[in-house]
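Undergrad: Enclosed is the structure file target16.csv (CSV, C-alpha atoms).
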```csv
chain,number,residue,atom,x,y,z
T,1,MET,CA,102.0,113.1,43.2
T,2,VAL,CA,103.8,111.3,46.1
T,3,PRO,CA,103.5,107.5,45.7
T,4,ASP,CA,101.8,105.5,48.3
T,5,PRO,CA,104.3,104.0,50.8
T,6,ASN,CA,102.7,100.6,50.0
T,7,SER,CA,103.2,100.9,46.3
T,8,LEU,CA,105.1,97.6,46.2
T,9,TYR,CA,103.1,95.6,48.7
T,10,GLY,CA,100.0,95.5,50.9
T,11,PRO,CA,96.4,96.6,50.2
T,12,LEU,CA,96.0,99.3,47.7
T,13,ASP,CA,93.7,100.9,45.2
T,14,PRO,CA,95.9,100.7,42.1
T,15,ALA,CA,94.3,103.3,39.8
T,16,PRO,CA,94.6,106.3,42.2
T,17,ASP,CA,98.1,105.1,43.1
T,18,ALA,CA,98.9,105.2,39.3
T,19,GLY,CA,97.9,108.9,39.3
T,20,TYR,CA,94.2,108.7,38.1
T,21,GLU,CA,92.0,111.3,39.7
T,22,ASP,CA,88.3,110.4,40.1
T,23,ALA,CA,89.0,106.9,38.9
T,24,PRO,CA,85.9,104.6,38.4
T,25,PRO,CA,85.5,101.6,40.7
T,26,ARG,CA,88.1,98.9,40.1
T,27,MET,CA,86.7,96.3,37.7
T,28,GLY,CA,87.7,92.6,37.6
T,29,PHE,CA,86.8,89.0,37.0
T,30,PHE,CA,85.3,86.4,39.4
T,31,THR,CA,85.6,82.9,37.9
T,32,ASP,CA,83.5,80.2,39.6
T,33,THR,CA,85.0,76.9,38.6
T,34,SER,CA,82.2,74.9,40.2
T,35,VAL,CA,80.0,75.8,37.2
T,36,CYS,CA,82.6,75.7,34.4
T,37,ILE,CA,81.7,73.1,31.8
T,38,GLY,CA,84.9,73.4,29.8
T,39,CYS,CA,83.2,74.5,26.6
T,40,LYS,CA,86.0,76.9,25.8
T,41,ALA,CA,83.6,79.6,24.6
T,42,CYS,CA,85.7,82.1,26.5
T,43,GLU,CA,88.8,81.1,24.6
T,44,VAL,CA,87.1,81.5,21.2
T,45,ALA,CA,85.5,84.8,22.1
T,46,CYS,CA,88.8,86.2,23.4
T,47,LYS,CA,90.6,85.2,20.1
T,48,GLU,CA,87.8,86.6,18.0
T,49,TRP,CA,87.5,90.0,19.6
T,50,ASN,CA,91.2,90.6,20.2
T,51,GLY,CA,92.5,89.1,16.9
T,52,VAL,CA,94.7,86.6,18.8
T,53,PRO,CA,96.3,84.1,16.4
T,54,GLY,CA,95.1,80.5,16.4
T,55,SER,CA,96.9,78.0,18.6
T,56,GLY,CA,96.4,74.9,20.7
T,57,LEU,CA,95.2,72.7,17.9
T,58,ASP,CA,97.6,69.9,18.8
T,59,LEU,CA,96.7,66.9,20.9
T,60,LEU,CA,98.8,67.0,24.0
T,61,GLY,CA,98.5,63.3,24.8
T,62,MET,CA,97.8,63.9,28.4
T,63,SER,CA,94.4,65.7,28.6
T,64,TYR,CA,91.5,66.9,26.6
T,65,ASP,CA,92.9,70.4,27.2
T,66,ASN,CA,94.5,71.2,23.8
T,67,THR,CA,95.9,74.7,24.7
T,68,GLY,CA,98.0,73.5,27.7
T,69,ALA,CA,98.7,76.9,29.3
T,70,LEU,CA,98.4,80.6,29.1
T,71,THR,CA,100.6,81.8,26.2
T,72,ALA,CA,101.0,84.9,24.0
T,73,ASN,CA,98.5,83.2,21.7
T,74,SER,CA,96.1,81.9,24.4
T,75,TRP,CA,95.0,84.8,26.7
T,76,ARG,CA,92.3,82.5,28.2
T,77,HIS,CA,93.1,78.9,29.0
T,78,VAL,CA,90.5,76.4,30.1
T,79,ALA,CA,92.3,73.7,32.2
T,80,PHE,CA,90.9,70.2,32.2
T,81,ILE,CA,91.9,68.2,35.3
T,82,GLU,CA,90.9,64.6,35.5
T,83,GLN,CA,91.2,63.7,39.1
T,84,PRO,CA,90.9,60.0,40.0
T,85,ARG,CA,90.1,59.4,43.7
T,86,PRO,CA,87.6,57.7,46.0
T,87,THR,CA,84.4,59.5,46.0
T,88,GLY,CA,84.3,59.4,49.8
T,89,HIS,CA,87.4,61.7,49.8
T,90,GLY,CA,85.0,64.6,50.1
T,91,ALA,CA,81.3,64.8,50.5
T,92,ALA,CA,79.5,61.5,50.0
T,93,ALA,CA,78.3,61.4,46.4
T,94,PHE,CA,74.8,60.0,47.3
T,95,ALA,CA,74.3,61.3,50.8
T,96,GLY,CA,70.7,61.9,51.4
T,97,THR,CA,69.4,60.2,48.3
T,98,PRO,CA,67.1,57.1,48.2
T,99,THR,CA,68.9,53.8,48.2
T,100,GLY,CA,66.0,51.3,48.5
T,101,ALA,CA,63.8,49.7,45.8
T,102,THR,CA,61.7,51.7,43.3
T,103,VAL,CA,58.5,53.0,44.8
T,104,SER,CA,57.1,54.8,41.8
T,105,ALA,CA,54.5,52.8,39.8
T,106,ALA,CA,55.4,54.9,36.7
T,107,SER,CA,59.1,54.1,37.0
T,108,ALA,CA,58.3,50.4,37.4
T,109,ALA,CA,56.1,50.4,34.4
T,110,LEU,CA,58.7,52.0,32.3
T,111,ALA,CA,61.2,49.2,33.0
T,112,ALA,CA,58.7,46.4,32.8
T,113,GLY,CA,60.2,45.1,29.7
T,114,THR,CA,63.0,43.6,31.7
T,115,THR,CA,60.9,40.8,33.1
T,116,GLY,CA,59.8,37.5,31.8
T,117,PRO,CA,56.4,36.7,30.2
T,118,THR,CA,53.4,37.1,32.5
T,119,GLY,CA,50.5,36.0,30.3
T,120,THR,CA,50.0,39.3,28.6
T,121,ASP,CA,51.7,41.1,25.8
T,122,PRO,CA,54.1,42.9,26.3
T,123,GLY,CA,53.8,41.6,29.9
T,124,LEU,CA,51.6,44.1,31.7
T,125,PRO,CA,48.0,44.9,31.6
T,126,PRO,CA,47.6,48.0,29.4
T,127,GLY,CA,47.1,51.2,31.3
T,128,SER,CA,47.9,49.6,34.7
T,129,PRO,CA,51.2,50.9,36.1
T,130,SER,CA,50.1,50.0,39.6
T,131,ALA,CA,50.5,46.3,38.6
T,132,ALA,CA,54.0,47.0,37.5
T,133,ALA,CA,54.8,48.6,40.8
T,134,ARG,CA,53.8,45.3,42.5
T,135,MET,CA,56.7,43.7,40.7
T,136,VAL,CA,59.0,45.5,43.1
T,137,ASN,CA,58.0,43.6,46.2
T,138,GLY,CA,55.3,41.2,45.1
T,139,THR,CA,52.5,42.9,47.1
T,140,PRO,CA,49.7,45.2,46.2
T,141,THR,CA,50.6,48.8,46.1
T,142,ASP,CA,48.1,49.8,48.7
T,143,GLY,CA,49.7,47.4,51.2
T,144,ALA,CA,46.7,45.0,51.4
T,145,PRO,CA,47.5,41.3,51.5
T,146,ALA,CA,46.9,39.3,48.4
T,147,SER,CA,43.9,37.1,47.9
T,148,GLY,CA,45.9,34.0,48.5
T,149,GLY,CA,46.1,34.7,52.3
T,150,PRO,CA,47.8,37.1,54.7
T,151,GLY,CA,51.3,38.0,53.5
T,152,SER,CA,51.1,35.8,50.4
T,153,ARG,CA,53.0,36.9,47.3
T,154,VAL,CA,51.2,37.8,44.1
T,155,ASP,CA,52.2,38.0,40.5
T,156,VAL,CA,52.0,41.1,38.3
T,157,LEU,CA,48.3,40.6,37.7
T,158,GLY,CA,47.6,40.3,41.4
T,159,ASP,CA,47.0,36.6,41.4
T,160,PRO,CA,48.4,34.4,44.2
T,161,VAL,CA,51.7,32.7,43.5
T,162,ALA,CA,52.4,29.2,44.7
T,163,ALA,CA,54.2,29.2,47.9
T,164,ARG,CA,57.7,27.8,47.6
T,165,GLU,CA,61.2,28.8,48.8
T,166,PRO,CA,62.6,31.3,46.3
T,167,SER,CA,66.1,30.6,45.0
T,168,ALA,CA,68.9,33.0,45.6
T,169,HIS,CA,69.4,33.8,41.9
T,170,PRO,CA,67.2,33.7,38.8
T,171,THR,CA,67.6,30.4,36.9
T,172,VAL,CA,67.2,29.4,33.2
T,173,THR,CA,66.4,25.8,32.2
T,174,ARG,CA,66.4,24.0,28.8
T,175,ASP,CA,62.6,23.5,29.0
T,176,SER,CA,61.9,27.0,30.3
T,177,PRO,CA,64.4,29.5,28.9
T,178,THR,CA,62.6,32.3,30.6
T,179,ARG,CA,64.3,33.6,33.8
T,180,THR,CA,62.4,32.6,36.9
T,181,ASN,CA,62.9,33.1,40.5
T,182,GLY,CA,62.0,29.8,42.0
T,183,GLY,CA,58.3,30.2,41.1
T,184,ALA,CA,58.0,33.4,43.0
T,185,GLY,CA,56.6,35.2,40.0
T,186,PRO,CA,58.1,37.9,37.8
T,187,GLN,CA,60.7,40.0,39.6
T,188,PHE,CA,61.5,43.6,38.7
T,189,LEU,CA,65.2,43.6,37.8
T,190,GLY,CA,65.5,47.1,36.5
T,191,MET,CA,67.7,48.2,33.7
T,192,PRO,CA,71.2,46.8,33.6
T,193,GLY,CA,73.2,48.4,36.3
T,194,GLY,CA,69.9,49.8,37.7
T,195,GLN,CA,71.7,51.4,40.7
T,196,PRO,CA,74.3,54.1,40.2
T,197,PRO,CA,77.8,53.0,41.1
T,198,GLY,CA,78.4,53.2,44.8
T,199,ARG,CA,74.8,52.6,46.0
T,200,GLY,CA,75.2,48.9,46.2
T,201,THR,CA,78.8,48.7,47.5
T,202,GLY,CA,79.0,51.9,49.6
T,203,VAL,CA,80.5,55.2,48.6
T,204,GLU,CA,83.7,54.7,50.6
T,205,GLN,CA,84.6,51.6,48.6
T,206,ARG,CA,83.9,53.2,45.2
T,207,SER,CA,86.6,54.6,43.0
T,208,ASP,CA,85.6,57.3,40.7
T,209,PHE,CA,87.0,60.5,39.0
T,210,ARG,CA,85.8,64.0,38.5
T,211,TRP,CA,86.6,66.8,36.1
T,212,LEU,CA,88.0,70.0,37.5
T,213,MET,CA,87.7,72.8,34.9
T,214,MET,CA,89.0,76.3,35.2
T,215,SER,CA,89.2,79.2,32.8
T,216,ASP,CA,92.5,80.7,33.7
T,217,VAL,CA,93.5,84.3,32.8
T,218,CYS,CA,95.9,87.1,33.7
T,219,LYS,CA,95.3,88.0,37.4
T,220,HIS,CA,95.7,91.8,36.9
T,221,CYS,CA,97.5,92.0,40.2
T,222,THR,CA,97.2,94.9,42.6
T,223,HIS,CA,101.0,95.0,42.7
T,224,ALA,CA,102.0,93.9,39.2
T,225,ALA,CA,105.6,93.0,39.0
T,226,CYS,CA,105.5,92.9,35.2
T,227,LEU,CA,104.5,96.6,35.2
T,228,ASP,CA,107.2,97.5,37.8
T,229,VAL,CA,110.1,96.1,35.8
T,230,CYS,CA,109.1,97.2,32.3
T,231,PRO,CA,111.8,99.6,31.0
T,232,THR,CA,109.9,101.1,28.2
T,233,GLY,CA,106.5,101.8,29.8
T,234,SER,CA,104.8,99.3,27.5
T,235,LEU,CA,102.9,98.0,30.4
T,236,PHE,CA,100.6,100.5,32.1
T,237,ARG,CA,97.8,100.6,34.7
T,238,THR,CA,94.4,101.6,33.4
T,239,GLU,CA,91.8,103.7,35.2
T,240,PHE,CA,89.9,100.5,35.9
T,241,GLY,CA,92.8,99.0,37.8
T,242,THR,CA,93.8,96.5,35.1
T,243,VAL,CA,97.2,96.0,33.5
T,244,VAL,CA,97.6,96.3,29.7
T,245,VAL,CA,100.5,95.8,27.3
T,246,GLN,CA,101.0,98.3,24.6
T,247,GLU,CA,102.6,96.1,22.0
T,248,ASP,CA,103.8,99.0,19.8
T,249,ILE,CA,106.1,100.1,22.6
T,250,CYS,CA,107.3,96.7,23.8
T,251,ASN,CA,111.0,96.0,22.9
T,252,GLY,CA,110.9,92.3,23.7
T,253,CYS,CA,113.3,92.5,26.6
T,254,GLY,CA,111.4,89.8,28.5
T,255,TYR,CA,111.8,91.2,32.0
T,256,CYS,CA,108.1,91.1,32.6
T,257,ILE,CA,108.0,87.3,31.8
T,258,SER,CA,110.4,86.4,34.6
T,259,ALA,CA,108.8,88.9,37.0
T,260,CYS,CA,105.3,87.5,36.8
T,261,PRO,CA,104.6,85.3,39.9
T,262,TYR,CA,101.9,83.4,38.0
T,263,GLY,CA,103.8,82.7,34.7
T,264,VAL,CA,101.0,84.4,32.7
T,265,ILE,CA,102.8,86.8,30.3
T,266,ASP,CA,104.6,85.3,27.3
T,267,GLN,CA,106.5,86.3,24.2
T,268,ARG,CA,105.1,85.7,20.8
T,269,LYS,CA,107.8,83.7,18.9
T,270,ASP,CA,107.5,85.4,15.6
T,271,ASP,CA,108.0,89.0,16.8
T,272,GLY,CA,109.5,88.6,20.4
T,273,ARG,CA,107.0,91.0,22.0
T,274,ALA,CA,105.0,90.2,25.2
T,275,TRP,CA,101.3,89.6,25.1
T,276,LYS,CA,98.6,88.9,27.6
T,277,CYS,CA,95.0,89.5,28.5
T,278,THR,CA,93.9,93.2,28.5
T,279,LEU,CA,90.6,92.5,30.2
T,280,CYS,CA,89.2,93.9,26.9
T,281,TYR,CA,90.2,97.5,27.8
T,282,ASP,CA,88.6,98.8,24.6
T,283,ARG,CA,85.3,97.2,25.6
T,284,LEU,CA,85.5,98.5,29.2
T,285,GLY,CA,85.9,102.1,27.9
T,286,ALA,CA,82.7,101.7,25.9
T,287,GLY,CA,80.8,100.3,28.9
T,288,MET,CA,80.8,96.8,27.5
T,289,THR,CA,81.4,93.4,29.2
T,290,PRO,CA,84.7,91.6,28.3
T,291,ALA,CA,84.2,89.2,25.5
T,292,CYS,CA,85.0,86.0,27.5
T,293,ALA,CA,82.5,86.9,30.2
T,294,GLN,CA,79.9,87.8,27.6
T,295,ALA,CA,80.3,84.4,25.9
T,296,CYS,CA,80.3,82.2,29.0
T,297,PRO,CA,77.1,80.2,28.9
T,298,THR,CA,77.0,79.2,32.6
T,299,GLU,CA,78.2,82.6,34.0
T,300,SER,CA,81.3,80.9,35.4
T,301,ILE,CA,83.1,84.1,34.4
T,302,GLN,CA,81.6,87.1,36.1
T,303,TYR,CA,82.6,90.7,35.4
T,304,GLY,CA,81.9,93.7,37.5
T,305,PRO,CA,83.2,96.0,40.3
T,306,LEU,CA,85.8,94.1,42.3
T,307,GLU,CA,84.3,94.7,45.7
T,308,GLU,CA,80.9,93.6,44.6
T,309,LEU,CA,82.4,90.4,43.1
T,310,ARG,CA,84.2,89.6,46.3
T,311,GLU,CA,81.0,89.8,48.3
T,312,ARG,CA,79.3,87.6,45.7
T,313,ALA,CA,82.1,85.1,45.8
T,314,ALA,CA,82.0,84.9,49.6
T,315,ALA,CA,78.3,84.1,49.5
T,316,ARG,CA,78.8,81.5,46.8
T,317,VAL,CA,81.5,79.7,48.9
T,318,GLN,CA,79.2,79.7,51.9
T,319,THR,CA,76.4,78.2,49.8
T,320,LEU,CA,78.6,75.4,48.4
T,321,GLN,CA,80.0,74.5,51.9
T,322,GLU,CA,76.4,74.3,53.3
T,323,ARG,CA,75.5,72.0,50.4
T,324,GLY,CA,78.3,69.6,51.3
T,325,VAL,CA,81.3,70.9,49.4
T,326,PRO,CA,83.7,71.7,52.2
T,327,GLU,CA,86.7,72.0,49.9
T,328,ALA,CA,85.3,75.1,48.1
T,329,ARG,CA,87.6,78.1,48.6
T,330,LEU,CA,88.6,81.4,47.1
T,331,TYR,CA,91.9,82.2,45.5
T,332,GLY,CA,93.4,85.6,44.9
T,333,HIS,CA,90.6,87.6,46.6
T,334,ASP,CA,92.6,88.6,49.7
T,335,PRO,CA,94.1,92.2,49.6
T,336,ASN,CA,96.6,91.1,52.2
T,337,ASP,CA,98.2,88.3,50.2
T,338,GLY,CA,101.6,88.5,48.5
T,339,VAL,CA,100.3,90.5,45.5
T,340,GLY,CA,97.8,92.7,47.3
T,341,GLY,CA,94.9,90.7,45.9
T,342,ASP,CA,94.1,89.9,42.3
T,343,GLY,CA,91.8,91.7,39.9
T,344,ALA,CA,90.8,88.3,38.6
T,345,PHE,CA,90.2,85.8,41.3
T,346,PHE,CA,88.7,82.3,41.5
T,347,LEU,CA,86.6,79.9,43.4
T,348,LEU,CA,88.4,76.5,43.5
T,349,LEU,CA,87.3,73.0,44.5
T,350,ASP,CA,90.8,71.8,45.5
T,351,GLU,CA,94.2,73.0,46.4
T,352,PRO,CA,95.7,75.7,44.1
T,353,GLU,CA,98.5,73.4,43.0
T,354,VAL,CA,96.0,71.0,41.5
T,355,TYR,CA,95.1,73.8,39.0
T,356,GLY,CA,98.7,74.8,38.4
T,357,LEU,CA,98.5,77.9,40.5
T,358,PRO,CA,101.1,78.9,43.1
T,359,PRO,CA,99.8,78.4,46.7
T,360,ASP,CA,101.3,81.6,48.0
T,361,PRO,CA,102.2,84.0,45.2
T,362,VAL,CA,104.4,87.0,46.1
T,363,VAL,CA,105.1,90.0,43.8
T,364,THR,CA,108.7,89.7,42.8
T,365,THR,CA,109.4,93.4,43.3
T,366,ARG,CA,108.2,93.5,46.9
T,367,ASP,CA,111.7,93.4,48.3
T,368,LEU,CA,113.2,96.0,45.9
T,369,PRO,CA,113.6,98.7,48.6
T,370,ALA,CA,115.4,96.4,50.9
T,371,MET,CA,117.5,95.1,48.0
T,372,TRP,CA,118.6,98.6,46.9
T,373,LYS,CA,119.3,99.5,50.5
T,374,ARG,CA,121.6,96.5,50.9
T,375,ALA,CA,123.2,97.2,47.6
T,376,GLY,CA,123.8,100.8,48.7
T,377,LEU,CA,125.3,99.7,52.0
T,378,ALA,CA,127.6,97.2,50.2
T,379,ALA,CA,128.7,99.9,47.8
T,380,LEU,CA,129.5,102.3,50.6
T,381,ALA,CA,131.4,99.6,52.4
T,382,MET,CA,133.5,98.8,49.3
T,383,THR,CA,134.2,102.5,48.8
T,384,ALA,CA,135.3,102.9,52.4
T,385,ALA,CA,137.5,99.9,52.2
T,386,THR,CA,139.1,101.2,49.0
T,387,VAL,CA,139.8,104.6,50.5
T,388,ALA,CA,141.2,103.0,53.6
T,389,ALA,CA,143.5,100.9,51.6
T,390,PHE,CA,144.9,103.9,49.7
T,391,VAL,CA,145.2,105.9,53.0
T,392,VAL,CA,147.0,103.1,54.7
T,393,GLY,CA,149.2,102.3,51.7
T,394,GLY,CA,150.2,106.0,51.2
T,395,SER,CA,151.1,106.5,54.8
T,396,SER,CA,153.4,103.5,54.8
```
Show this structure as structure tokens.
TA:
Amino acid sequence: MVPDPNSLYGPLDPAPDAGYEDAPPRMGFFTDTSVCIGCKACEVACKEWNGVPGSGLDLLGMSYDNTGALTANSWRHVAFIEQPRPTGHGAAAFAGTPTGATVSAASAALAAGTTGPTGTDPGLPPGSPSAAARMVNGTPTDGAPASGGPGSRVDVLGDPVAAREPSAHPTVTRDSPTRTNGGAGPQFLGMPGGQPPGRGTGVEQRSDFRWLMMSDVCKHCTHAACLDVCPTGSLFRTEFGTVVVQEDICNGCGYCISACPYGVIDQRKDDGRAWKCTLCYDRLGAGMTPACAQACPTESIQYGPLEELRERAAARVQTLQERGVPEARLYGHDPNDGVGGDGAFFLLLDEPEVYGLPPDPVVTTRDLPAMWKRAGLAALAMTAATVAAFVVGGSS
């Protein structure tokens, strides 16, 4: 079979290019980081199914992420990224939500214990949440004026309150240790810190942080440099378009490790062989879902035909952007990128570098034809120079 002229770069269906006839649809992963909760169920399922040795039980001292990176003993790695920043950096955290006083009688009744005595125990007429609601603004809930006159204030029982100028802040005296508000009646103060941070000061002035979590894995590149440089054939392309290591053939040369543009593949220290995610090749052959995707409780890891996943991912990005998340983007989905598109791609909520991913990965074997061409020309030039030197020397 004549190899495709784009075998080393550009869009390509890798299974037919590898020689498979009537290959099934290319299968892959779509990882939606916007719903990842960092539970690490995928890591555990991967280790359990594939018999991967335990690792990552050390505290790194810089994150709750205890595995740190993809290694020969961690084929799935859930990254924890704590990102301090002003909330106003992206979409406003509380855009479109109420910022005024409580209007629900039930909500006011629930927090009624925060007020001073009102002549009843525990402070409200039993079974009368509407009275509690009047604590919000001191007026009856139906908007009617109190019996003390138009616009007069009322207490929690609906009785008129003596007219006097309210003080700016609640006061406590020796004779009356109960908090008062200048005789204006009980005031609904809410629970401590009744408003979420930012509602009182404005979201632009508020500092906050967010967790970015991503379950990283081998990308199963369309153009896999690790496969291209393997001298023993230990790495091979499956009929599903994935890339698998045959550990019994690996000689531990390490060429694949330096060739991977993502730094995914790694050597196991006790035997020197290379190991990485196989996308559960044995499960795929039996029509089963890979262990990590099967275990994911939020469906952050989705498995299926790659083209279908790309359509689903594009729709998800559009939905997030319409909901006020303009930074949502896809990574590794484009067949025209430097690796011909990944078989495992991601929806990210920030720049790839934030997640430890290269911004513009390029398959390291892409330039091999040009390199061999230059090396051949250099060899010819040196041969010609050597022959010329002998000819000139012999004639003199």
Undergrad: Please measure the separation of atom CA of T:Cys292 and atom CA of T:Ala41, giving the value in Å to one decimal.
TA: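 Atom CA of T:Cys292 sits 7.2 Å away from atom CA of T:Ala41.
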Undergrad: So which residues are close to (121.7, 98.1, 52.6), meaning at most 12 Å away in the file's coordinates with all atoms listed in the file counted, and can you show them as a list in words?
TA: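 Looking at atoms near the point gives Asp367, Leu368, Pro369, Ala370, Met371, Trp372, Lys373, Arg374, Ala375, Gly376, Leu377, Ala378, Ala379, Leu380 and Ala381 of chain T.
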Undergrad: Could you give me, as a ChimeraX atom specification, the residues within 10 Å of T:Gly263, counting all atoms listed in the file and dropping anything in the same chain fewer than 6 positions from it?
TA: /T:69-71,218,256-257,357-358
Undergrad: Identify the residues within 10 Å of coordinate (102.2, 87.2, 21.1) (same frame as the file), considering only C-alpha atoms, and give the answer as a tab-separated table (two decimals) with C-alpha atoms, keeping the file's coordinate frame.
TA:
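Written out: selection-v8.tsv:
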```
chain	number	residue	atom	x	y	z
T	52	VAL	CA	94.70	86.60	18.80
T	53	PRO	CA	96.30	84.10	16.40
T	71	THR	CA	100.60	81.80	26.20
T	72	ALA	CA	101.00	84.90	24.00
T	73	ASN	CA	98.50	83.20	21.70
T	74	SER	CA	96.10	81.90	24.40
T	75	TRP	CA	95.00	84.80	26.70
T	247	GLU	CA	102.60	96.10	22.00
T	265	ILE	CA	102.80	86.80	30.30
T	266	ASP	CA	104.60	85.30	27.30
T	267	GLN	CA	106.50	86.30	24.20
T	268	ARG	CA	105.10	85.70	20.80
T	269	LYS	CA	107.80	83.70	18.90
T	270	ASP	CA	107.50	85.40	15.60
T	271	ASP	CA	108.00	89.00	16.80
T	272	GLY	CA	109.50	88.60	20.40
T	273	ARG	CA	107.00	91.00	22.00
T	274	ALA	CA	105.00	90.20	25.20
T	275	TRP	CA	101.30	89.60	25.10
T	276	LYS	CA	98.60	88.90	27.60
```
Undergrad: Between atom CA of T:Lys47 and atom CA of T:His77, what is the spacing in Å?
TA: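 Computed distance, atom CA of T:His77 to atom CA of T:Lys47, equals 11.2 Å.
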Undergrad: Could you pull stretch 312-325 of chain T out of the block above and save it with N, CA and C atoms, as a PDB file, in the first residue's frame?
TA:
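The new file selection_37.pdb reads:
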```pdb
ATOM      1  N   ARG T 312     -20.467  17.692  18.965  1.00  0.00           N
ATOM      2  CA  ARG T 312     -21.009  17.900  20.302  1.00  0.00           C
ATOM      3  C   ARG T 312     -20.214  18.971  21.043  1.00  0.00           C
ATOM      4  N   ALA T 313     -18.908  18.953  20.878  1.00  0.00           N
ATOM      5  CA  ALA T 313     -18.057  19.925  21.553  1.00  0.00           C
ATOM      6  C   ALA T 313     -18.298  21.338  21.030  1.00  0.00           C
ATOM      7  N   ALA T 314     -18.461  21.490  19.715  1.00  0.00           N
ATOM      8  CA  ALA T 314     -18.722  22.814  19.152  1.00  0.00           C
ATOM      9  C   ALA T 314     -20.028  23.378  19.687  1.00  0.00           C
ATOM     10  N   ALA T 315     -21.035  22.537  19.828  1.00  0.00           N
ATOM     11  CA  ALA T 315     -22.318  22.995  20.370  1.00  0.00           C
ATOM     12  C   ALA T 315     -22.171  23.394  21.831  1.00  0.00           C
ATOM     13  N   ARG T 316     -21.364  22.663  22.576  1.00  0.00           N
ATOM     14  CA  ARG T 316     -21.164  22.976  23.987  1.00  0.00           C
ATOM     15  C   ARG T 316     -20.458  24.311  24.160  1.00  0.00           C
ATOM     16  N   VAL T 317     -19.453  24.586  23.338  1.00  0.00           N
ATOM     17  CA  VAL T 317     -18.754  25.869  23.406  1.00  0.00           C
ATOM     18  C   VAL T 317     -19.717  27.007  23.108  1.00  0.00           C
ATOM     19  N   GLN T 318     -20.536  26.849  22.102  1.00  0.00           N
ATOM     20  CA  GLN T 318     -21.504  27.884  21.753  1.00  0.00           C
ATOM     21  C   GLN T 318     -22.469  28.133  22.910  1.00  0.00           C
ATOM     22  N   THR T 319     -22.917  27.074  23.551  1.00  0.00           N
ATOM     23  CA  THR T 319     -23.829  27.226  24.689  1.00  0.00           C
ATOM     24  C   THR T 319     -23.167  27.986  25.826  1.00  0.00           C
ATOM     25  N   LEU T 320     -21.913  27.641  26.157  1.00  0.00           N
ATOM     26  CA  LEU T 320     -21.216  28.323  27.241  1.00  0.00           C
ATOM     27  C   LEU T 320     -21.004  29.798  26.923  1.00  0.00           C
ATOM     28  N   GLN T 321     -20.636  30.100  25.696  1.00  0.00           N
ATOM     29  CA  GLN T 321     -20.418  31.497  25.327  1.00  0.00           C
ATOM     30  C   GLN T 321     -21.709  32.297  25.373  1.00  0.00           C
ATOM     31  N   GLU T 322     -22.819  31.680  24.995  1.00  0.00           N
ATOM     32  CA  GLU T 322     -24.106  32.364  25.087  1.00  0.00           C
ATOM     33  C   GLU T 322     -24.515  32.598  26.538  1.00  0.00           C
ATOM     34  N   ARG T 323     -24.009  31.773  27.451  1.00  0.00           N
ATOM     35  CA  ARG T 323     -24.331  31.903  28.871  1.00  0.00           C
ATOM     36  C   ARG T 323     -23.342  32.788  29.620  1.00  0.00           C
ATOM     37  N   GLY T 324     -22.486  33.478  28.894  1.00  0.00           N
ATOM     38  CA  GLY T 324     -21.584  34.424  29.528  1.00  0.00           C
ATOM     39  C   GLY T 324     -20.223  33.888  29.883  1.00  0.00           C
ATOM     40  N   VAL T 325     -19.754  32.867  29.168  1.00  0.00           N
ATOM     41  CA  VAL T 325     -18.401  32.344  29.386  1.00  0.00           C
ATOM     42  C   VAL T 325     -17.630  32.501  28.080  1.00  0.00           C
TER      43      VAL T 325
END
```
